[in-house]
Structure formats: structure tokens, C-alpha cells
$ cat start26.cif   # mmCIF, C-alpha atoms
data_input
loop_
_atom_site.label_atom_id
_atom_site.label_comp_id
_atom_site.auth_asym_id
_atom_site.auth_seq_id
_atom_site.Cartn_x
_atom_site.Cartn_y
_atom_site.Cartn_z
CA MET A 1 -42.03 -95.89 85.97
CA ALA A 2 -40.78 -97.67 82.88
CA GLU A 3 -40.66 -101.38 82.19
CA ILE A 4 -37.46 -102.97 80.96
CA SER A 5 -37.18 -106.62 79.94
CA PHE A 6 -33.91 -108.48 79.75
CA PRO A 7 -33.60 -111.49 77.47
CA LEU A 8 -31.53 -114.56 78.27
CA PRO A 9 -28.04 -113.57 77.13
CA ASP A 10 -25.85 -115.63 74.84
CA LEU A 11 -23.95 -117.66 77.42
CA GLY A 12 -21.20 -118.39 74.94
CA GLU A 13 -20.04 -121.27 72.78
CA GLY A 14 -23.12 -121.21 70.57
CA LEU A 15 -25.63 -122.31 73.18
CA LEU A 16 -29.21 -121.57 72.21
CA GLU A 17 -31.06 -122.10 75.47
CA ALA A 18 -30.80 -122.56 79.22
CA THR A 19 -32.94 -124.14 81.91
CA VAL A 20 -34.12 -122.12 84.89
CA LEU A 21 -32.87 -123.85 88.04
CA GLU A 22 -33.92 -121.36 90.70
CA TRP A 23 -35.09 -117.77 90.87
CA LEU A 24 -33.10 -115.85 93.47
CA VAL A 25 -35.60 -112.97 93.52
CA ALA A 26 -39.40 -112.73 93.64
CA VAL A 27 -41.91 -110.45 91.97
CA GLY A 28 -41.98 -107.16 93.89
CA ASP A 29 -38.37 -107.43 95.10
CA GLN A 30 -36.07 -104.44 94.80
CA VAL A 31 -32.96 -105.73 93.01
CA GLU A 32 -29.64 -103.93 92.95
CA ARG A 33 -27.35 -103.82 89.96
CA ASN A 34 -25.02 -106.86 89.84
CA GLN A 35 -27.19 -108.73 92.33
CA PRO A 36 -27.64 -112.33 91.12
CA PHE A 37 -31.29 -112.86 90.23
CA VAL A 38 -31.43 -116.34 88.71
CA GLU A 39 -29.51 -119.58 88.52
CA VAL A 40 -29.61 -121.24 85.09
CA GLU A 41 -28.13 -124.39 83.61
CA THR A 42 -26.82 -124.97 80.11
CA THR A 43 -25.53 -128.24 78.72
CA LYS A 44 -22.08 -127.13 79.87
CA SER A 45 -22.44 -125.62 83.31
CA SER A 46 -24.69 -123.87 85.78
CA VAL A 47 -24.27 -120.18 86.55
CA GLU A 48 -25.83 -117.28 88.40
CA LEU A 49 -26.76 -114.27 86.29
CA PRO A 50 -26.25 -110.78 87.77
CA SER A 51 -28.82 -108.07 87.22
CA PRO A 52 -27.58 -105.42 84.77
CA ILE A 53 -29.76 -102.76 86.42
CA ALA A 54 -31.42 -101.75 89.68
CA GLY A 55 -35.19 -102.06 89.69
CA ILE A 56 -38.29 -103.77 91.03
CA VAL A 57 -39.08 -107.21 89.66
CA LEU A 58 -42.33 -107.18 87.67
CA THR A 59 -42.24 -110.53 85.88
CA LEU A 60 -40.17 -113.71 85.99
CA HIS A 61 -40.48 -115.40 82.61
CA GLY A 62 -40.50 -119.11 83.41
CA GLU A 63 -40.67 -121.58 86.28
CA PRO A 64 -37.81 -123.70 87.60
CA GLY A 65 -37.30 -126.47 85.04
CA ASP A 66 -38.50 -124.34 82.11
CA VAL A 67 -36.25 -123.91 79.09
CA VAL A 68 -35.67 -120.31 78.02
CA LEU A 69 -34.29 -119.51 74.58
CA VAL A 70 -31.46 -117.04 74.10
CA ASP A 71 -32.80 -113.59 73.21
CA THR A 72 -36.26 -114.27 74.66
CA PRO A 73 -37.39 -112.42 77.81
CA LEU A 74 -36.05 -113.73 81.12
CA ILE A 75 -37.02 -110.99 83.59
CA THR A 76 -38.87 -107.68 83.51
CA PHE A 77 -38.13 -104.81 85.87
CA ALA A 78 -39.89 -101.59 86.74
CA VAL A 79 -37.35 -98.78 86.88
CA ALA A 80 -37.56 -95.06 87.56
CA ASP A 81 -38.29 -93.13 84.35
CA ASP A 82 -35.07 -91.17 84.52
CA SER A 83 -32.95 -94.32 84.63
CA ALA A 84 -34.59 -95.78 81.52
CA GLY A 85 -32.66 -93.31 79.42
CA ILE A 86 -29.26 -94.71 80.39
CA VAL A 87 -30.08 -98.25 79.43
CA GLY A 88 -27.67 -98.16 76.52
CA THR A 89 -24.69 -97.80 78.86
CA VAL A 90 -25.65 -100.46 81.37
CA PRO A 91 -24.08 -103.53 79.73
CA GLN A 92 -20.60 -101.96 79.75
CA GLU A 93 -20.91 -100.99 83.39
CA ALA A 94 -22.08 -104.46 84.44
CA ALA A 95 -18.49 -105.73 84.14
CA PRO A 96 -19.35 -109.41 83.98
CA LYS A 97 -16.67 -111.81 85.13
CA ARG A 98 -17.44 -114.21 82.29
CA ARG A 99 -18.79 -113.66 78.85
CA VAL A 100 -22.23 -113.30 80.33
CA ARG A 101 -23.71 -110.03 79.23
CA LEU A 102 -27.28 -108.92 79.49
CA SER A 103 -28.54 -106.22 77.21
CA ALA A 104 -31.75 -104.33 77.62
CA VAL A 105 -34.79 -104.48 75.39
CA LEU A 106 -37.25 -101.69 76.01
CA ASP A 107 -40.87 -102.79 75.96
CA GLU A 108 -43.08 -101.42 73.21
CA ASP A 109 -44.89 -99.18 75.67
CA MET B 1 4.90 -121.45 89.80
CA LEU B 2 2.96 -123.77 87.49
CA THR B 3 -0.18 -123.55 89.58
CA SER B 4 -2.28 -120.40 89.26
CA TRP B 5 -3.92 -119.20 92.45
CA ARG B 6 -5.60 -116.07 93.79
CA ARG B 7 -6.61 -114.45 97.05
CA HIS B 8 -10.01 -112.74 97.25
CA GLU B 9 -10.42 -110.28 100.12
CA PRO B 10 -13.64 -110.32 102.17
CA THR B 11 -16.12 -107.48 102.00
CA VAL B 12 -15.88 -107.07 105.79
CA ASP B 13 -13.36 -109.39 107.44
CA ALA B 14 -15.08 -111.76 109.88
CA GLY B 15 -11.70 -112.64 111.40
CA LEU B 16 -11.98 -116.32 110.50
CA ALA B 17 -9.54 -118.65 108.74
CA PRO B 18 -9.20 -118.44 104.96
CA VAL B 19 -11.36 -120.73 102.82
CA LEU B 20 -9.61 -122.60 100.01
CA LEU B 21 -11.76 -123.75 97.08
CA VAL B 22 -10.68 -126.75 94.95
CA HIS B 23 -12.57 -127.20 91.67
CA GLY B 24 -13.54 -130.41 89.86
CA PHE B 25 -12.25 -132.30 86.84
CA ALA B 26 -12.43 -130.35 83.55
CA SER B 27 -13.63 -127.28 85.47
CA SER B 28 -11.72 -124.25 86.85
CA THR B 29 -11.90 -121.52 89.45
CA ALA B 30 -13.82 -119.36 86.98
CA LEU B 31 -16.44 -122.00 86.15
CA ASN B 32 -16.72 -123.84 89.43
CA TRP B 33 -16.53 -120.97 91.92
CA GLU B 34 -16.86 -117.57 90.25
CA ALA B 35 -19.67 -117.97 87.71
CA THR B 36 -21.65 -119.89 90.32
CA GLY B 37 -21.44 -117.14 92.96
CA TRP B 38 -19.27 -118.96 95.53
CA VAL B 39 -16.47 -116.42 95.75
CA ARG B 40 -18.91 -113.54 96.07
CA ASP B 41 -21.09 -115.23 98.72
CA LEU B 42 -18.09 -116.28 100.84
CA SER B 43 -16.58 -112.78 100.52
CA ASN B 44 -19.89 -111.26 101.58
CA ALA B 45 -19.90 -113.64 104.56
CA GLY B 46 -16.61 -112.09 105.65
CA ARG B 47 -14.37 -114.92 104.52
CA ARG B 48 -11.00 -114.51 102.83
CA VAL B 49 -11.10 -116.89 99.84
CA LEU B 50 -8.21 -118.67 98.17
CA THR B 51 -8.76 -120.21 94.75
CA VAL B 52 -6.47 -122.51 92.85
CA ASP B 53 -6.56 -123.91 89.32
CA LEU B 54 -5.35 -127.50 89.32
CA LEU B 55 -2.60 -128.32 86.82
CA GLY B 56 -3.97 -128.58 83.27
CA HIS B 57 -7.01 -126.47 84.20
CA GLY B 58 -7.98 -122.80 84.00
CA GLU B 59 -4.99 -120.47 84.10
CA SER B 60 -2.48 -123.05 85.36
CA ALA B 61 0.24 -124.59 83.23
CA ALA B 62 -0.35 -127.87 81.38
CA PRO B 63 2.97 -129.75 81.41
CA LEU B 64 3.53 -132.63 79.01
CA GLU B 65 4.75 -135.19 81.60
CA THR B 66 2.05 -137.40 83.05
CA ASP B 67 3.89 -137.62 86.38
CA ALA B 68 3.34 -133.89 86.96
CA TYR B 69 -0.39 -134.60 87.37
CA ALA B 70 -0.04 -137.21 90.13
CA PRO B 71 -2.72 -136.47 92.77
CA SER B 72 0.00 -136.39 95.46
CA ARG B 73 1.81 -133.67 93.51
CA LEU B 74 -1.40 -131.71 92.96
CA ARG B 75 -1.95 -131.80 96.73
CA GLN B 76 1.62 -130.65 97.28
CA ALA B 77 0.95 -127.68 94.99
CA VAL B 78 -2.17 -126.82 96.99
CA LEU B 79 -0.15 -126.91 100.22
CA GLU B 80 2.45 -124.60 98.62
CA VAL B 81 -0.33 -122.19 97.71
CA LEU B 82 -1.57 -122.26 101.30
CA ALA B 83 1.93 -121.50 102.57
CA LEU B 84 2.36 -118.64 100.09
CA ALA B 85 -1.04 -117.25 101.08
CA GLY B 86 0.05 -117.17 104.70
CA ALA B 87 -2.14 -119.97 106.08
CA ARG B 88 -0.78 -121.17 109.42
CA PRO B 89 -1.45 -124.22 111.60
CA ARG B 90 -4.51 -124.32 113.83
CA GLU B 91 -4.15 -122.82 117.26
CA ALA B 92 -6.67 -123.25 120.06
CA GLY B 93 -8.55 -120.04 120.73
CA ASP B 94 -7.54 -118.40 117.44
CA PRO B 95 -10.43 -118.59 114.93
CA ALA B 96 -8.26 -117.02 112.20
CA SER B 97 -5.73 -119.86 112.32
CA GLY B 98 -5.77 -122.94 110.10
CA VAL B 99 -7.72 -123.17 106.86
CA ASP B 100 -11.17 -124.32 105.78
CA LEU B 101 -11.52 -126.31 102.57
CA VAL B 102 -14.31 -126.68 100.02
CA GLY B 103 -14.02 -129.15 97.15
CA TYR B 104 -16.20 -130.33 94.31
CA SER B 105 -15.94 -133.73 92.63
CA LEU B 106 -12.23 -134.40 91.99
CA GLY B 107 -11.55 -131.38 94.20
CA SER B 108 -13.35 -133.17 97.03
CA ARG B 109 -11.00 -136.12 96.71
CA MET B 110 -8.12 -133.64 97.13
CA VAL B 111 -9.86 -132.10 100.12
CA TRP B 112 -10.48 -135.51 101.76
CA GLU B 113 -6.81 -136.40 101.40
CA LEU B 114 -5.57 -132.98 102.53
CA ALA B 115 -7.82 -133.05 105.60
CA ALA B 116 -6.58 -136.56 106.44
CA GLU B 117 -2.91 -135.63 105.93
CA ARG B 118 -2.95 -132.24 107.64
CA PRO B 119 -5.26 -132.23 110.69
CA ASP B 120 -2.83 -129.67 112.15
CA LEU B 121 -3.79 -127.24 109.38
CA VAL B 122 -7.36 -128.01 108.29
CA ASN B 123 -10.20 -126.77 110.51
CA ARG B 124 -13.25 -128.00 108.61
CA ALA B 125 -14.06 -129.15 105.11
CA VAL B 126 -17.05 -129.28 102.78
CA LEU B 127 -16.99 -132.03 100.14
CA GLY B 128 -19.38 -131.58 97.21
CA GLY B 129 -20.39 -134.14 94.57
CA MET B 130 -17.92 -136.64 95.95
CA SER B 131 -17.54 -140.20 94.75
CA ALA B 132 -15.99 -143.04 96.74
CA GLU B 133 -15.12 -144.91 93.57
CA ASP B 134 -13.21 -142.33 91.54
CA PRO B 135 -14.89 -142.53 88.11
CA LEU B 136 -11.68 -141.24 86.49
CA ALA B 137 -9.67 -144.32 87.56
CA ASP B 138 -11.76 -146.61 85.33
CA PHE B 139 -11.47 -144.30 82.33
CA ASP B 140 -10.57 -146.14 79.10
CA LEU B 141 -7.64 -144.06 77.80
CA ASP B 142 -7.13 -146.21 74.69
CA ALA B 143 -10.75 -145.73 73.66
CA ALA B 144 -10.37 -141.97 74.25
CA ASP B 145 -7.26 -141.88 72.03
CA ARG B 146 -9.08 -143.78 69.27
CA PHE B 147 -12.04 -141.42 69.59
CA LEU B 148 -9.76 -138.38 69.25
CA ALA B 149 -7.90 -139.93 66.29
CA ASP B 150 -10.83 -141.00 64.16
CA SER B 151 -14.05 -140.44 66.16
CA SER B 152 -14.42 -144.17 66.96
CA ALA B 153 -17.36 -144.62 69.31
CA ILE B 154 -16.47 -145.16 72.99
CA VAL B 155 -18.16 -148.29 74.33
CA HIS B 156 -17.30 -147.89 78.02
CA GLU B 157 -20.18 -145.88 79.47
CA SER B 158 -18.47 -143.68 82.07
CA THR B 159 -15.54 -143.06 79.69
CA ALA B 160 -17.97 -141.83 77.04
CA ALA B 161 -19.72 -139.60 79.59
CA LEU B 162 -16.43 -138.10 80.82
CA MET B 163 -15.23 -137.57 77.25
CA THR B 164 -18.43 -135.67 76.49
CA LEU B 165 -17.89 -133.59 79.62
CA MET B 166 -14.34 -132.73 78.53
CA GLN B 167 -15.46 -131.78 75.05
CA LEU B 168 -18.29 -129.61 76.36
CA ALA B 169 -16.36 -127.86 79.10
CA PRO B 170 -15.50 -124.32 77.99
CA GLY B 171 -11.74 -123.93 77.59
CA ALA B 172 -10.92 -127.49 78.66
CA ASN B 173 -7.48 -128.73 77.60
CA THR B 174 -8.34 -132.31 76.61
CA PRO B 175 -4.76 -133.64 76.17
CA ALA B 176 -3.81 -132.28 79.61
CA LEU B 177 -6.95 -133.78 81.14
CA LEU B 178 -6.07 -137.18 79.66
CA ARG B 179 -2.62 -136.93 81.26
CA LEU B 180 -4.34 -136.21 84.57
CA VAL B 181 -6.55 -139.27 84.09
CA ALA B 182 -3.47 -141.40 83.41
CA ALA B 183 -1.84 -140.06 86.58
CA ILE B 184 -4.98 -140.76 88.63
CA LYS B 185 -4.95 -144.36 87.40
CA GLN B 186 -1.48 -144.62 88.97
CA GLU B 187 -2.67 -143.13 92.27
CA ARG B 188 -6.24 -144.21 92.80
CA PHE B 189 -8.40 -142.76 95.54
CA GLU B 190 -8.45 -145.05 98.56
CA PRO B 191 -10.77 -143.40 101.08
CA GLY B 192 -10.18 -146.10 103.68
CA ALA B 193 -6.40 -145.58 103.63
CA SER B 194 -6.63 -142.37 105.61
CA VAL B 195 -9.87 -140.96 107.00
CA PRO B 196 -10.03 -137.29 108.01
CA SER B 197 -10.60 -136.68 111.69
CA ARG B 198 -11.70 -133.06 111.21
CA PRO B 199 -15.41 -132.06 110.96
CA LEU B 200 -16.70 -132.65 107.41
CA LEU B 201 -19.92 -131.82 105.59
CA PHE B 202 -20.87 -133.74 102.45
CA VAL B 203 -23.19 -132.12 99.91
CA THR B 204 -24.48 -134.00 96.86
CA GLY B 205 -27.37 -133.61 94.42
CA ASP B 206 -29.92 -136.38 94.91
CA ARG B 207 -29.87 -136.96 91.12
CA ASP B 208 -26.07 -137.03 90.93
CA ALA B 209 -25.21 -140.22 89.02
CA LEU B 210 -21.44 -139.64 89.22
CA ALA B 211 -21.10 -139.16 92.98
CA THR B 212 -21.66 -142.75 94.02
CA GLY B 213 -20.73 -143.59 97.57
CA THR B 214 -21.24 -140.19 99.21
CA ALA B 215 -23.25 -141.83 102.01
CA GLU B 216 -20.56 -144.47 102.60
CA LEU B 217 -17.83 -141.83 102.76
CA ALA B 218 -19.86 -139.77 105.21
CA ALA B 219 -20.36 -142.86 107.39
CA LEU B 220 -16.65 -143.61 107.24
CA ALA B 221 -15.87 -140.06 108.41
CA ASP B 222 -18.77 -139.99 110.89
CA SER B 223 -20.16 -136.90 109.14
CA GLU B 224 -23.47 -135.63 107.77
CA VAL B 225 -24.72 -135.44 104.19
CA LEU B 226 -26.86 -132.66 102.80
CA TRP B 227 -28.79 -133.96 99.77
CA LEU B 228 -29.82 -131.27 97.30
CA PRO B 229 -33.26 -132.04 95.86
CA ALA B 230 -33.47 -132.54 92.08
CA ARG B 231 -29.82 -131.59 91.52
CA THR B 232 -27.33 -133.42 89.28
CA HIS B 233 -23.52 -133.53 89.28
CA MET B 234 -23.46 -130.70 86.74
CA ASN B 235 -25.88 -128.28 88.37
CA ALA B 236 -25.52 -128.83 92.13
CA VAL B 237 -22.52 -126.54 92.47
CA SER B 238 -24.41 -123.29 91.89
CA SER B 239 -27.20 -124.24 94.32
CA ARG B 240 -27.92 -121.57 96.90
CA ALA B 241 -28.74 -124.22 99.51
CA PHE B 242 -25.27 -125.72 98.98
CA LYS B 243 -23.53 -122.37 99.42
CA GLN B 244 -25.56 -121.40 102.46
CA ALA B 245 -24.97 -124.75 104.16
CA ALA B 246 -21.23 -124.52 103.49
CA ILE B 247 -20.96 -120.95 104.79
CA GLU B 248 -22.90 -121.83 107.93
CA PHE B 249 -20.89 -125.03 108.55
CA LEU B 250 -17.53 -123.30 108.06
CA ALA B 251 -18.47 -120.48 110.42
CA ARG B 252 -18.69 -122.92 113.37
CA HIS B 253 -15.51 -123.12 115.32
#

$ encode --input "start26.cif" --output "C-alpha cells"
Amino acid sequence: MAEISFPLPDLGEGLLEATVLEWLVAVGDQVERNQPFVEVETTKSSVELPSPIAGIVLTLHGEPGDVVLVDTPLITFAVADDSAGIVGTVPQEAAPKRRVRLSAVLDED
Amino acid sequence: MLTSWRRHEPTVDAGLAPVLLVHGFASSTALNWEATGWVRDLSNAGRRVLTVDLLGHGESAAPLETDAYAPSRLRQAVLEVLALAGARPREAGDPASGVDLVGYSLGSRMVWELAAERPDLVNRAVLGGMSAEDPLADFDLDAADRFLADSSAIVHESTAALMTLMQLAPGANTPALLRLVAAIKQERFEPGASVPSRPLLFVTGDRDALATGTAELAALADSEVLWLPARTHMNAVSSRAFKQAAIEFLARH
């Protein structure tokens, strides 16, 4: 298994941070690609973020009410080793409806 | 047609009436219902979803005449969308007949009035973040014009708050929104004038400072209120509890 962390994406319009409203998944959950995993609020609106990848949730970075900065880790998944190699293509396939786009950051290990 | 609308097919058709979603002031179908997961969750629940962008919002036109934004004309446009989408009057024993409505904020005012005007068409309605007092009707348009001309500070509190909302809202067309405000001042919301007789569910964040009077409206319509803990006017709409309650309420027939 490989670990893949996804940072809070740039939600557009120059916003630097978002507040976690509610996690829609729990540690240990199997999440499918495009499944919404968290609800976050910016100064402009609240949105659900879809998962860019299928995997098992390892870590949720923050509690409801916590502020997360853009480009800092939001969620970490465990994925099968053979799927880690296609990470570079995932953002295109995620086909977000808005300008919400998650991109993968591979952990150091 | 000046009003942009769309039909979203259900994942597996539950055979129930379509659900029409009406967004709030300075919002849009994309912001109010798509980014928040409403269209997806309703589709997954087997519901056919109709979305509409009110005039001056989202992908709809933004005419220059104030009269075009009169709430009665916005409701007429919604009814035209329903007709085009094939919605038909309620018939006993046919769960696919009629239409269910969900509104948020200004959209809830539209839904209240539509449900009151068309009990022959509306099955049930969910009214989110709804105010009895119509914060837009007290908006200080002169102060807003001065602010836009030379950044003069807006003294009137709710005007300042709404102006901030307009300026923050992604893609908002501020001149069109001000025409809508002017039109709303001409046709204020009068909840007591016509009270819906159809089953209603009110949903409001318990920290929503804009939706004053939700409890009074619910009492007037003899309906229940679901209060969302720790939610504000801006962040209640994406709440999972809100969506689940609406889907469950609209599935009763």
C-alpha cells in the first residue's frame, strides 16, 4: 500500500483558507473516486469536495471548525501500490463541476 | 428564453414527481445546488431534478429594466420552466404527478408564494434559510450607489452586509442584483397575504442571523422547523442533515 495526501485545493478567487464544516467520511472508510469526503466553508460559500481517487482513509487533517490553509494536507489515503503510479492523471479525470481541483502530493515515504 | 434552466435525470428513477430547486439572492444553481451536493444527492435518491437560474443570476440573462425582476415575473418564469419540463398538476394516486419545490433564502420566498398560488401543482415544499421580513426590501439603494461610485461607507447595517455578500459572491452581477432589489422593494414579501396549504418543511441554521422569522412562518403554515446546529445563513445549504431531511420529507406522499 502507498499513502497519498491531498492538500486543500485552491477554491478560486484568491482564497487562502477554508474551514472544515463536516467530514463525510471516517478513518478506515473505503472512499470511491468522486465521492464527496468533506464539506468546507470559505468566506464566499460552502461546498462539498469530491475525492480525486479511490482509497482507504488514513488521516483526516483537522476537526470541524478548524481552518485549513490552501496547499496544506486535508486528507490522506492508503491506495493499492499499482494505483499510486497513475496519480499524475487523476486530476484531469476527476472532472470537477466547479474550479475545484485536487492534486496529489506523494508522501516522502 | 431569458431564464436558464436544466433537467437532471435520476440515477435510478424512483417514479416520483420532479423536484425544482430555487437558489438564493446573489447565488446560482451552480453555487447553491451543485457545488453543495444537492443535485447529486437528489439524483441518487431517484429524483428528477429541475434547476433554474433566476434572472440576473448564473447563466440567465440580466435585462436592464427593473420591472423584469419583479418577484411576480420571476415566479411566472419558474412556472414556464415547469411547463416546459413537463410538470403536470397533481392527481390522486399518481406519485409522479405535480412537483416538489426546494428553495433557499430568496428562493424560499418564491417557493412559499408558488406553493400558495398553485396548490393544484405543488405537492410538498422545503424552505431553507427563510426570512419573514425580506431583508432585501429594506436595502438602501442610494447608499449602495454611492458606495459603488466612490466607496462611501454604507451606514445601514443589513445593506452593508448584503453589499459585502454581492461583492464576495463568485460571478455575481452587482448591477443586475441591484435592479432585483429595486423590484423587490416594489413587491415586498407578505407571508400573511397567502399561506400555502401544502405540507412544508422549514430548515434554518440556528446561527442564521438573516433568516429572522422562520419560526413564525412555520407557525403560520402549521409546519415543522428543522434547526441545523451551529450553521449560519452562508453554510447551512451544504449541510448533509439539511439534504437528508429534505429528501426524506419529499419522498412522503

$ interface_residues --input "start26.cif" --of "chain A" --to "chain B" --cutoff "9 Å" --atoms "only C-alpha atoms" --output "CSV table (one decimal) with C-alpha atoms, in the frame of the given file"
chain,number,residue,atom,x,y,z
A,12,GLY,CA,-21.2,-118.4,74.9
A,13,GLU,CA,-20.0,-121.3,72.8
A,21,LEU,CA,-32.9,-123.8,88.0
A,22,GLU,CA,-33.9,-121.4,90.7
A,24,LEU,CA,-33.1,-115.8,93.5
A,36,PRO,CA,-27.6,-112.3,91.1
A,39,GLU,CA,-29.5,-119.6,88.5
A,40,VAL,CA,-29.6,-121.2,85.1
A,41,GLU,CA,-28.1,-124.4,83.6
A,42,THR,CA,-26.8,-125.0,80.1
A,43,THR,CA,-25.5,-128.2,78.7
A,44,LYS,CA,-22.1,-127.1,79.9
A,45,SER,CA,-22.4,-125.6,83.3
A,46,SER,CA,-24.7,-123.9,85.8
A,47,VAL,CA,-24.3,-120.2,86.6
A,48,GLU,CA,-25.8,-117.3,88.4
A,49,LEU,CA,-26.8,-114.3,86.3
A,97,LYS,CA,-16.7,-111.8,85.1
A,98,ARG,CA,-17.4,-114.2,82.3

$ resolve_selection --input "start26.cif" --expression "the PyMOL selection byres ((chain A and resi 73) around 6)" --output "PDB file with C-alpha atoms, keeping the file's coordinate frame"
ATOM      1  CA  PHE A   6     -33.910-108.480  79.750  1.00  0.00           C
ATOM      2  CA  PRO A   7     -33.600-111.490  77.470  1.00  0.00           C
ATOM      3  CA  THR A  72     -36.260-114.270  74.660  1.00  0.00           C
ATOM      4  CA  LEU A  74     -36.050-113.730  81.120  1.00  0.00           C
ATOM      5  CA  ILE A  75     -37.020-110.990  83.590  1.00  0.00           C
TER       6      ILE A  75
END

$ atom_distance --input "start26.cif" --atom1 "atom CA of B:Ala183" --atom2 "atom CA of B:Leu82"
23.1 Å

$ closest_residue --input "start26.cif" --among "A:Gln35, A:Asp29, A:Pro50, A:Thr19" --to "A:Gly62" --atoms "only C-alpha atoms"
A:Thr19

$ resolve_selection --input "start26.cif" --expression "the PyMOL selection byres ((chain B and resi 50-63) around 9)" --output "count of residues only"
48

$ atom_distance --input "start26.cif" --atom1 "atom CA of B:Ile154" --atom2 "atom CA of A:Gly14"
25.0 Å

$ closest_residue --input "start26.cif" --among "B:His156, B:His253, B:Arg188, B:Arg124" --to "B:Leu200" --atoms "all atoms listed in the file"
B:Arg124

$ resolve_selection --input "start26.cif" --expression "the PyMOL selection byres ((chain A and resi 69) around 6)" --output "list in words"
Leu16, Glu17, Val68, Val70 and Thr72 of chain A

$ residues_near_point --input "start26.cif" --point "(-18.7, -144.8, 99.1)" --cutoff "12 Å" --atoms "only C-alpha atoms" --output "JSON, numbers by chain"
{"B": [109, 129, 130, 131, 132, 133, 134, 135, 189, 190, 191, 192, 202, 210, 211, 212, 213, 214, 215, 216, 217, 218, 219, 220, 221]}

$ atom_distance --input "start26.cif" --atom1 "atom CA of A:Ile56" --atom2 "atom CA of A:Val27"
7.7 Å

$ residues_around --input "start26.cif" --residues "B:Pro196" --least-positions-apart "4" --cutoff "7 Å" --atoms "only C-alpha atoms" --output "list in words"
Trp112, Ala115, Ala116 and Ala221 of chain B

$ residues_around --input "start26.cif" --residues "B:Leu228" --least-positions-apart "6" --cutoff "7 Å" --atoms "all atoms listed in the file" --output "ChimeraX atom specification"
/B:204-206

$ write_last_selection --input "start26.cif" --atoms "C-alpha atoms" --output "CSV table (one decimal), in the frame of the given file"
chain,number,residue,atom,x,y,z
B,204,THR,CA,-24.5,-134.0,96.9
B,205,GLY,CA,-27.4,-133.6,94.4
B,206,ASP,CA,-29.9,-136.4,94.9

$ closest_residue --input "start26.cif" --among "A:Ala80, A:Val38, A:Leu11, A:Ile4" --to "A:Val25" --atoms "only C-alpha atoms"
A:Val38

$ closest_residue --input "start26.cif" --among "B:Leu42, B:Ala125, B:Ala17, B:Ile184" --to "B:Gly86" --atoms "all atoms listed in the file"
B:Ala17

$ axis_aligned_box --input "start26.cif" --around "stretch 207-211 of chain B" --padding-each-side "8 Å" --output "JSON"
{"center_x": -25.5, "center_y": -138.6, "center_z": 91.0, "size_x": 24.8, "size_y": 19.3, "size_z": 20.0}
